[in-house]
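Novice: Here it is: the structure, laid out below.
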There are 2 protein chains.
Amino acid sequence: MTTRNRQNTLPLRILPLGGLGEIGKNMMVIEYGNDIVIVDAGVLFPEVDMPGIDVVIPNMDYLAENANRVRAVLVTHGHEDHIGAIPHLLKRLNIPIYAPRMATELIRNKLKNAGLLKEAKLNTITPGEKVRAGDLSVEWFEVTHSIPDACGIAIETPLGTVVHTGDFKLDHDPMIGQPSDLRQLARISGDGVFLLMSDSTYAEEEGASESDRQVTDGLFGAIANAPARIIVSSFASQIARIQIVADAAEAFNRKLVIIGRSMVENTKLARELGHLHIPDGLMISAAEAESLPGNRVLVMTTGSQGEPSSGLVRMSRDQHREMNIREDDTIILSANTIPGNEVPVNDSINDLVQLGARVITNRQAMTHVSGHARREELRLVLNLTRPKYFIPVHGEFRMLRAHADLAIDQGVAPENSLVLTDGDVLELTANSAEIVDQEEAGHIFVHGLGLWDEAGNVVVERRSLSREGIVTVSLAIDRKNRRILGEPRLVSMGFVHASDAESLFEDTKDELRPVLERYSNERLEWSEFEDLIRATVGRYLTRRTKRRPLVIPVTIDI
Amino acid sequence: MTTRNRQNTLPLRILPLGGLGEIGKNMMVIEYGNDIVIVDAGVLFPEVDMPGIDVVIPNMDYLAENANRVRAVLVTHGHEDHIGAIPHLLKRLNIPIYAPRMATELIRNKLKNAGLLKEAKLNTITPGEKVRAGDLSVEWFEVTHSIPDACGIAIETPLGTVVHTGDFKLDHDPMIGQPSDLRQLARISGDGVFLLMSDSTYAEEEGASESDRQVTDGLFGAIANAPARIIVSSFASQIARIQIVADAAEAFNRKLVIIGRSMVENTKLARELGHLHIPDGLMISAAEAESLPGNRVLVMTTGSQGEPSSGLVRMSRDQHREMNIREDDTIILSANTIPGNEVPVNDSINDLVQLGARVITNRQAMTHVSGHARREELRLVLNLTRPKYFIPVHGEFRMLRAHADLAIDQGVAPENSLVLTDGDVLELTANSAEIVDQEEAGHIFVHGLGLWDEAGNVVVERRSLSREGIVTVSLAIDRKNRRILGEPRLVSMGFVHASDAESLFEDTKDELRPVLERYSNERLEWSEFEDLIRATVGRYLTRRTKRRPLVIPVTIDI
């Protein structure tokens, strides 16, 4: 009894390691007493100011430091921004993974590629069944989202129930699977949950999201009117969209060609799981399509975000092995442009138009609906769960703020509607909410085998290299006798044309000569000498070019 | 008579040097016989794949080569994408400039800053008056746009009239100046013009553009409801917007503070030209505003596009000398986000929200309308001018294509509705249209005093530097005796952390040793040796890191 009483007085600790303040690399840490569970472990795709980065993952130092208390990673659904960092997580602590069906299979592929599958403890959950993680009891409930088998998660704690919606929308008649299970959520919520964490991606958008059924109308209309070949582009994991396009192919007597490794794999997987129903004989290869007239062919591929290696973008650059754009092609972009991808998406549309194709986007027809709940749906979930505390998750600050304000409008006490930032450690008790600590939660940049945090200078260096270029000043030095041997050598990249460099660098060497003499004559300290080279060359080049390259002295001791 | 007959058989030549295929750096060359005129000379602001570039200007080699035939540059209006390259143009050929009033003053400032004003032949035109440029007769007609004194241009040629709309919209009751002068355009057009070139920026948007009067309602509504200080952000040249905000300040008993050098200058200029009417005593300084309660203050500033040095962006980063964001501030973005600027605009909104401010954009209220005509207005201009030939101008290919198709719908013969690309030389006669040549029309990148074309490798180098970083391998060499002196020195930027570099580069040097020995023993050719260093180091580093930095051998001859 003493133990239980003491336990009852423990606070619930909430620590977002990603996904709060920007979209992507979702990772939420939930702690009670001796038990830590993690909801999702996602990646962020690099943004424009992260040159050359493969992906960004959350900082997991806190989890590694508390490895003995971490019980499991609980997965809501199979999108990369929720599962992409699982291999990185497992390399540091090999904890059990619990995930819905489709997500399990996607994680399995991922772990196989990383050589981690054999050791991994990968478990498929069933919505409604309870899973124990330490002393905590966890239950998944189905939600509608733009990938099959998406779920929210409820965790029973001594303080009350914690509900995390995952990514969700309400669609009472989705193309694939069940609608969001509001009955189960109502049962879980009882008289009100202790804490609700809810998807904020569309918290600024009034009204309710459209149904996938409306996309069916939009796509069928666009496909009916196309004079020749059609190429539809969407996300590889958007299985419901593939179903609509397959249905349209059948309805309009076209054969379906699926192009793009990830989309082909996901199609296979979704058919095996029974999510996708494509009649035998409907699908043909790109080579087979060549022998059919254009109006018998419907192609589905990736590239809706302008990804350089995707099917559509390769076609738009006339660089696809299997398919060339033709003058009478109709291209349908069945996706919204994710913020940050506007430039590459626009570029690829212009390229396609230049090749003679007609491009239909969400502006000309309803070719896409989002997978995220808008304000009316968010209100419904707030009213259904009646949370004591509310934390908006998944979103930029503007969205989190809008969602927190919405929760207050719906009756959450203003002091209990909490906009957190990644790294905040929040302690909740029955009558208090306090940020008690900060943990490292910045970006970890992944490039090849390299992992760098933001304090690391690699990304910062790349940014300045790209803005101004670099000039190296190489010197051979006989330190013992304080002599410079030979001539200094200046080499630049990203700074001036080769044709201009020669005379500019000759002049720079003249400018440098007195400094080199000072090294021999005045017995300068080494660091002083290096600073002097950098300053002299930098100042002179800036004067001559009105630009400020990075200047790096390089010395060879002889 | 012979001369005139011969002249009548000459073709009209049209050569776009910028603005076709992307938005910005507008420059259209129009030639008849011995006379060349240029419509506008604008800049493009650098895009994400142009790191460190100040601006992009058109390639003017063709104009320099034909300098003796170039009569004038004819300016439509004072936006940077139409006048920004005039100093660069004048440096190569000091031709007369003809421009409407406000544009003249903006060009005057620009030439003064460039030290070119004294020599410049700068002339202010009056709409409706004729100007001679060689044998050509030119006339300006007023249009509505998002800057005062915007005009279209009509040029009489022996083949018929050429009309270039400039940037325009129809607004029959604009905040500033007259509506687009459709009577004059109708008179100029007579029974139909020979060639129409018309603004395509919004050629994909159905319907007609909204009026600035609707912005008045939207802004007044937002301003009426703000509890404390208000900061409105827009373009510095959007004088009509400044008028609306000044009117609102007066109506709601607030003082007006204008922040930002360009906006302050343009306000002064527009007041002098009589475009802007601000009562004495309405405007105060930022320092004076400090002593007033927030609900008496209305600030207008730049930064609606997320420009790093603008007023609003500095405030959002808490780096503004004169103004700090407060918790109860209302920020109104009175502008659309120009495509390509989505990321910085979004970042600044998030920063403002994090500082506690409320941010109102075009999505929450009608805080902005565009200055470009939509399809209904474009149809009207097509019907009014009844062109024989049509060339859509100002836009990306998707917009040009949409506009060309619209012209065909409105009765232009399909073979006469011509989507050109920058650099195309089009020859038009009474009964033929043919692209006869290509001129250089790529980007000229300006950075400091450097000017580079796309063939130049500086921007390309920067892109790869930013993706992978750079490693230099410096060697001191006694060539005569074929000896390597001392140790090679490896230095990197943007590649690995300093902490990882040391051991990685020691191992790389071990890998390099046999290659260095081959130089001495096998008497390798120099270039062969250099290639071998690059390949050996590159291969080894890629194996160790799964990344591919630029590897640059640097040698010092001793």
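Chain identifiers are assigned as A, B, and so on, following the order in which chains appear in the structure tokens; residues are numbered from 1 within each chain, and ligands are numbered from 1 in order of appearance.
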Check which residues of chain B sit at most 8 Å from chain A using only C-alpha atoms, and return one row each with the closest pair of atoms and their distance in Å to one decimal, ordered by chain and rising number, as a tab-separated table.
Specialist:
residue	atom	partner	partner_atom	distance
B:Val48	CA	A:Val48	CA	7.2
B:Pro51	CA	A:Arg467	CA	4.9
B:Gly52	CA	A:Arg467	CA	3.6
B:Ile53	CA	A:Arg467	CA	7.3
B:Pro339	CA	A:Glu342	CA	7.2
B:Gly340	CA	A:Val343	CA	5.6
B:Glu342	CA	A:Gly340	CA	6.6
B:Val343	CA	A:Gly340	CA	5.6
B:Ile349	CA	A:Arg398	CA	7.1
B:Asn350	CA	A:Phe397	CA	5.3
B:Asp351	CA	A:Phe397	CA	7.9
B:Val353	CA	A:Arg398	CA	5.8
B:Gln354	CA	A:Phe397	CA	6.5
B:Glu396	CA	A:Asn350	CA	6.7
B:Phe397	CA	A:Asn350	CA	5.4
B:Arg398	CA	A:Asn350	CA	5.4
B:Arg401	CA	A:Val353	CA	7.5
B:His447	CA	A:Arg547	CA	7.0
B:Gly448	CA	A:Lys546	CA	4.5
B:Leu449	CA	A:Thr545	CA	5.2
B:Gly450	CA	A:Thr545	CA	6.5
B:Trp452	CA	A:His497	CA	7.8
B:Gly456	CA	A:His497	CA	6.5
B:Asn457	CA	A:His497	CA	6.7
B:Val458	CA	A:Gly494	CA	4.4
B:Val459	CA	A:Gly494	CA	6.2
B:Val460	CA	A:Gly494	CA	7.5
B:Glu461	CA	A:Gly494	CA	4.8
B:Arg462	CA	A:Ser466	CA	4.6
B:Arg463	CA	A:Ser466	CA	6.2
B:Leu465	CA	A:Ser466	CA	6.2
B:Ser466	CA	A:Arg462	CA	4.6
B:Arg467	CA	A:Gly52	CA	3.6
B:Glu468	CA	A:Gly52	CA	5.8
B:Gly469	CA	A:Arg462	CA	6.2
B:Ser474	CA	A:Ser474	CA	7.0
B:Leu475	CA	A:Ile556	CA	7.3
B:Ala476	CA	A:Ala476	CA	6.3
B:Leu485	CA	A:Ile558	CA	6.2
B:Gly486	CA	A:Ile558	CA	4.6
B:Glu487	CA	A:Ile556	CA	6.9
B:Pro488	CA	A:Ile556	CA	7.0
B:Arg489	CA	A:Ile556	CA	6.2
B:Val491	CA	A:Val554	CA	7.3
B:Met493	CA	A:Glu461	CA	6.2
B:Gly494	CA	A:Val458	CA	4.4
B:Phe495	CA	A:Val458	CA	6.0
B:Val496	CA	A:Val458	CA	6.2
B:His497	CA	A:Val458	CA	6.2
B:Arg544	CA	A:Leu449	CA	8.0
B:Thr545	CA	A:Leu449	CA	5.2
B:Lys546	CA	A:Gly448	CA	4.5
B:Arg547	CA	A:Gly448	CA	5.4
B:Val554	CA	A:Val491	CA	7.3
B:Thr555	CA	A:Arg489	CA	7.3
B:Ile556	CA	A:Arg489	CA	6.2
B:Asp557	CA	A:Gly486	CA	6.0
B:Ile558	CA	A:Gly486	CA	4.6
Novice: Leaving out His320 (chain A) and any residue of its chain fewer than 4 positions from it, which residues lie within 12 Å of it when counting only C-alpha atoms, given as an NGL selection string?
Specialist: :A and (259-260 or 286 or 301 or 308-316 or 324-325)
Novice: Quick one: residues within 7 Å of region 367-374 of chain A, only C-alpha atoms counted, chain neighbours fewer than 5 positions away excluded, as a list of chain:residue names?
Specialist: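 Final neighbour list, sorted by chain and number: A:His145, A:Ser146, A:Asp167, A:Phe168, A:Lys169, A:Leu170, A:Thr201, A:Tyr202, A:Ala203, A:Glu205, A:Glu206, A:Gly207, A:Ala208, A:Ser209, A:Glu210, A:Ser211, A:Asp212, A:Val215, A:Gly218, A:Leu219, A:Leu333, A:Ser334, A:Ala335, A:Asn336, A:Thr361, A:Asn362.
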Novice: Can you check which residues of region 57-291 of chain B DSSP gives as alpha helix (DSSP H) on the backbone and send them as an MDAnalysis selection string?
Specialist: chainID B and resid 61:65 80:83 86:92 101:113 182:189 212:224 239:251 261:272 286:290
Novice: Please measure the separation of CA of Glu105 (chain A) and CA of Val245 (chain A), giving the value in Å to one decimal.
Specialist: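 Taking CA of Glu105 (chain A) as the start and CA of Val245 (chain A) as the end point, the length is 23.2 Å.
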